[in-house]
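Just below is one structure, and these are the notes that go with it.
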Amino acid sequence: MNKNIIIISSSPRKAGNSDLLCDEFAKGARSAGHRVEKVRLADKTIHTLCAQMKTFIDRTVPRYLDIRNKEFYFILAAAENDRSAMERTVECFRGFLDCLEGAEEKGVVYGTGAWKAGEIRQLPAMKQARIMGIRV
């Protein structure tokens with residue numbers, strides 16, 4: 001069954017490592033016949049002193065009934081080689097999912113060890129993101 005997929009990219013850098021992972025996930029999902037749209041929060045006007053993703057989550061509260069019974073995939077990139085620091089971020093997202101009826105976490109890609117923009121292309125996370133997209 002073909003799905004409608006929306007990717008929310010909070011990467012501040014266009015074509016940065018996490019943004020590239022999102023693109024790779026989208027390629028995989030499209031190759032499997034799904035419809036994909038990517039929204040870059042950095043391209044949106046969000047007036048706040050808080051982080052963009054936190055603000056995005058806060059602003060979903062009035063529409064939480066519209067996002068129930070959905071599947072969620074998490075894609076992260078960091079220069080850090082140890083993914084334990086990234087686990088804290090994923091745990092925050094899991095807390096958000098706990099507030100949504102029927103939310104189901106389906107996968108996580110940890111793009112570790114990518115410091116400079118584009119470095120992620122040479123790392124296993126690129127293939128992992130594509131495969132996760134195909135398996136949606």
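Chain identifiers are assigned as A, B, and so on, following the order in which chains appear in the structure tokens; residues are numbered from 1 within each chain, and ligands are numbered from 1 in order of appearance.
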
- Message: DSSP on the backbone, strand (DSSP E or B) only: what residues of range 49-132 of chain A does that give? Format it as a PyMOL selection string.
- Response: chain A and resi 71-77+104-111

- Run DSSP on the backbone and give me the residues of chain A it puts in alpha helix (DSSP H), as a PyMOL selection string. chain A and resi 17-31+52-59+84-98+124-134

Limited to N, CA and C atoms, could you put the picked residues into a file as a compact mmCIF listing (two decimals), in the first residue's frame?
```txt
# COMPACT_ATOMS: atom_id res chain seq x y z
N ASN A 17 24.54 17.15 6.73
CA ASN A 17 24.52 15.70 6.88
C ASN A 17 23.15 15.12 7.22
N SER A 18 22.44 15.71 8.18
CA SER A 18 21.12 15.16 8.50
C SER A 18 20.13 15.44 7.37
N ASP A 19 20.29 16.56 6.68
CA ASP A 19 19.43 16.87 5.53
C ASP A 19 19.67 15.86 4.40
N LEU A 20 20.94 15.48 4.18
CA LEU A 20 21.26 14.47 3.17
C LEU A 20 20.68 13.10 3.54
N LEU A 21 20.70 12.77 4.83
CA LEU A 21 20.09 11.51 5.27
C LEU A 21 18.59 11.51 5.00
N CYS A 22 17.95 12.65 5.25
CA CYS A 22 16.51 12.76 4.96
C CYS A 22 16.27 12.56 3.46
N ASP A 23 17.11 13.16 2.63
CA ASP A 23 16.96 12.99 1.17
C ASP A 23 17.13 11.53 0.76
N GLU A 24 18.06 10.85 1.39
CA GLU A 24 18.30 9.44 1.06
C GLU A 24 17.11 8.57 1.47
N PHE A 25 16.55 8.85 2.64
CA PHE A 25 15.33 8.16 3.09
C PHE A 25 14.22 8.40 2.07
N ALA A 26 14.07 9.64 1.62
CA ALA A 26 13.03 9.99 0.64
C ALA A 26 13.24 9.22 -0.68
N LYS A 27 14.48 9.12 -1.13
CA LYS A 27 14.77 8.36 -2.36
C LYS A 27 14.32 6.91 -2.21
N GLY A 28 14.64 6.32 -1.07
CA GLY A 28 14.23 4.93 -0.83
C GLY A 28 12.72 4.79 -0.81
N ALA A 29 12.04 5.69 -0.13
CA ALA A 29 10.58 5.63 -0.04
C ALA A 29 9.94 5.83 -1.41
N ARG A 30 10.46 6.78 -2.18
CA ARG A 30 9.91 7.00 -3.53
C ARG A 30 10.14 5.79 -4.42
N SER A 31 11.30 5.16 -4.29
CA SER A 31 11.59 3.98 -5.12
C SER A 31 10.65 2.83 -4.79
N GLN A 52 14.14 25.09 16.70
CA GLN A 52 13.05 24.97 15.72
C GLN A 52 12.23 23.70 15.90
N MET A 53 12.87 22.56 16.15
CA MET A 53 12.12 21.31 16.28
C MET A 53 11.24 21.35 17.53
N LYS A 54 11.75 21.89 18.62
CA LYS A 54 10.95 22.00 19.84
C LYS A 54 9.72 22.87 19.59
N THR A 55 9.91 23.98 18.89
CA THR A 55 8.79 24.87 18.57
C THR A 55 7.79 24.15 17.67
N PHE A 56 8.29 23.41 16.70
CA PHE A 56 7.42 22.65 15.80
C PHE A 56 6.57 21.67 16.61
N ILE A 57 7.19 20.93 17.50
CA ILE A 57 6.45 19.97 18.33
C ILE A 57 5.41 20.70 19.18
N ASP A 58 5.81 21.80 19.81
CA ASP A 58 4.86 22.56 20.63
C ASP A 58 3.65 23.00 19.82
N ARG A 59 3.87 23.37 18.58
CA ARG A 59 2.78 23.88 17.75
C ARG A 59 1.91 22.78 17.17
N SER A 84 25.58 7.54 22.02
CA SER A 84 24.89 7.70 23.30
C SER A 84 24.36 9.13 23.48
N ALA A 85 25.09 10.13 23.02
CA ALA A 85 24.60 11.51 23.12
C ALA A 85 23.37 11.71 22.25
N MET A 86 23.31 11.02 21.14
CA MET A 86 22.17 11.12 20.23
C MET A 86 20.95 10.41 20.82
N GLU A 87 21.19 9.43 21.66
CA GLU A 87 20.09 8.69 22.29
C GLU A 87 19.21 9.63 23.12
N ARG A 88 19.81 10.64 23.73
CA ARG A 88 19.03 11.60 24.52
C ARG A 88 18.02 12.33 23.64
N THR A 89 18.44 12.68 22.45
CA THR A 89 17.54 13.36 21.52
C THR A 89 16.40 12.44 21.12
N VAL A 90 16.72 11.19 20.82
CA VAL A 90 15.70 10.22 20.43
C VAL A 90 14.72 10.00 21.58
N GLU A 91 15.22 9.96 22.80
CA GLU A 91 14.35 9.78 23.96
C GLU A 91 13.37 10.94 24.09
N CYS A 92 13.80 12.15 23.76
CA CYS A 92 12.88 13.29 23.79
C CYS A 92 11.77 13.11 22.75
N PHE A 93 12.13 12.66 21.57
CA PHE A 93 11.12 12.40 20.54
C PHE A 93 10.17 11.28 20.97
N ARG A 94 10.71 10.29 21.63
CA ARG A 94 9.85 9.20 22.12
C ARG A 94 8.87 9.72 23.15
N GLY A 95 9.28 10.68 23.95
CA GLY A 95 8.37 11.31 24.89
C GLY A 95 7.23 12.01 24.17
N PHE A 96 7.55 12.65 23.05
CA PHE A 96 6.52 13.28 22.22
C PHE A 96 5.56 12.22 21.70
N LEU A 97 6.09 11.11 21.21
CA LEU A 97 5.23 10.04 20.68
C LEU A 97 4.33 9.46 21.76
N ASP A 98 4.81 9.43 23.00
CA ASP A 98 3.98 8.93 24.10
C ASP A 98 2.70 9.75 24.26
N PRO A 124 27.99 4.52 6.66
CA PRO A 124 26.91 3.51 6.56
C PRO A 124 25.51 4.08 6.74
N ALA A 125 25.37 5.20 7.43
CA ALA A 125 24.04 5.76 7.67
C ALA A 125 23.30 6.11 6.38
N MET A 126 24.03 6.45 5.31
CA MET A 126 23.37 6.78 4.03
C MET A 126 22.61 5.57 3.51
N LYS A 127 23.26 4.43 3.51
CA LYS A 127 22.61 3.20 3.05
C LYS A 127 21.47 2.82 4.00
N GLN A 128 21.70 2.99 5.28
CA GLN A 128 20.66 2.67 6.27
C GLN A 128 19.41 3.53 6.05
N ALA A 129 19.61 4.81 5.76
CA ALA A 129 18.47 5.70 5.52
C ALA A 129 17.71 5.29 4.27
N ARG A 130 18.43 4.94 3.21
CA ARG A 130 17.77 4.51 1.97
C ARG A 130 16.97 3.24 2.22
N ILE A 131 17.57 2.26 2.89
CA ILE A 131 16.88 0.99 3.16
C ILE A 131 15.66 1.23 4.04
N MET A 132 15.79 2.08 5.05
CA MET A 132 14.65 2.37 5.91
C MET A 132 13.53 3.00 5.11
N GLY A 133 13.86 3.88 4.16
CA GLY A 133 12.86 4.48 3.30
C GLY A 133 12.17 3.46 2.43
N ILE A 134 12.91 2.52 1.89
CA ILE A 134 12.35 1.47 1.05
C ILE A 134 11.37 0.60 1.85
```

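If only C-alpha atoms are the atoms counted, then among A:Val39, A:Leu123, A:Val61, A:Ala103 the closest residue to Ile5 in chain A is A:Val39.
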
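Considering only C-alpha atoms, the residue among A:Thr60, A:Lys38, A:Ala32, A:Glu71 positioned nearest to Gly102 in chain A is A:Glu71.
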
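Among the candidates A:Cys99, A:Ala42, A:Val108, A:Ile6, the one nearest to Arg68 in chain A when counting only C-alpha atoms is A:Cys99.
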
- Item | Lys106 in chain A surroundings by only C-alpha atoms, 10 Å radius, close-in-sequence under 6 positions cut, as a list in words | Lys70, Glu71, Phe72, Tyr73, Phe74, Met132, Arg135 and Val136 of chain A

Any chance you could export the current selection's C-alpha atoms as a short mmCIF file (atom, residue, chain, number, x, y, z; two decimals), in the first residue's frame?
```cif
data_model
loop_
_atom_site.label_atom_id
_atom_site.label_comp_id
_atom_site.auth_asym_id
_atom_site.auth_seq_id
_atom_site.Cartn_x
_atom_site.Cartn_y
_atom_site.Cartn_z
CA LYS A 70 0.96 7.40 12.47
CA GLU A 71 4.34 5.79 11.96
CA PHE A 72 7.48 7.73 12.91
CA TYR A 73 11.09 7.35 11.78
CA PHE A 74 13.97 9.26 13.32
CA MET A 132 14.65 2.37 5.91
CA ARG A 135 10.89 -0.53 3.95
CA VAL A 136 8.31 2.07 4.97
#
```
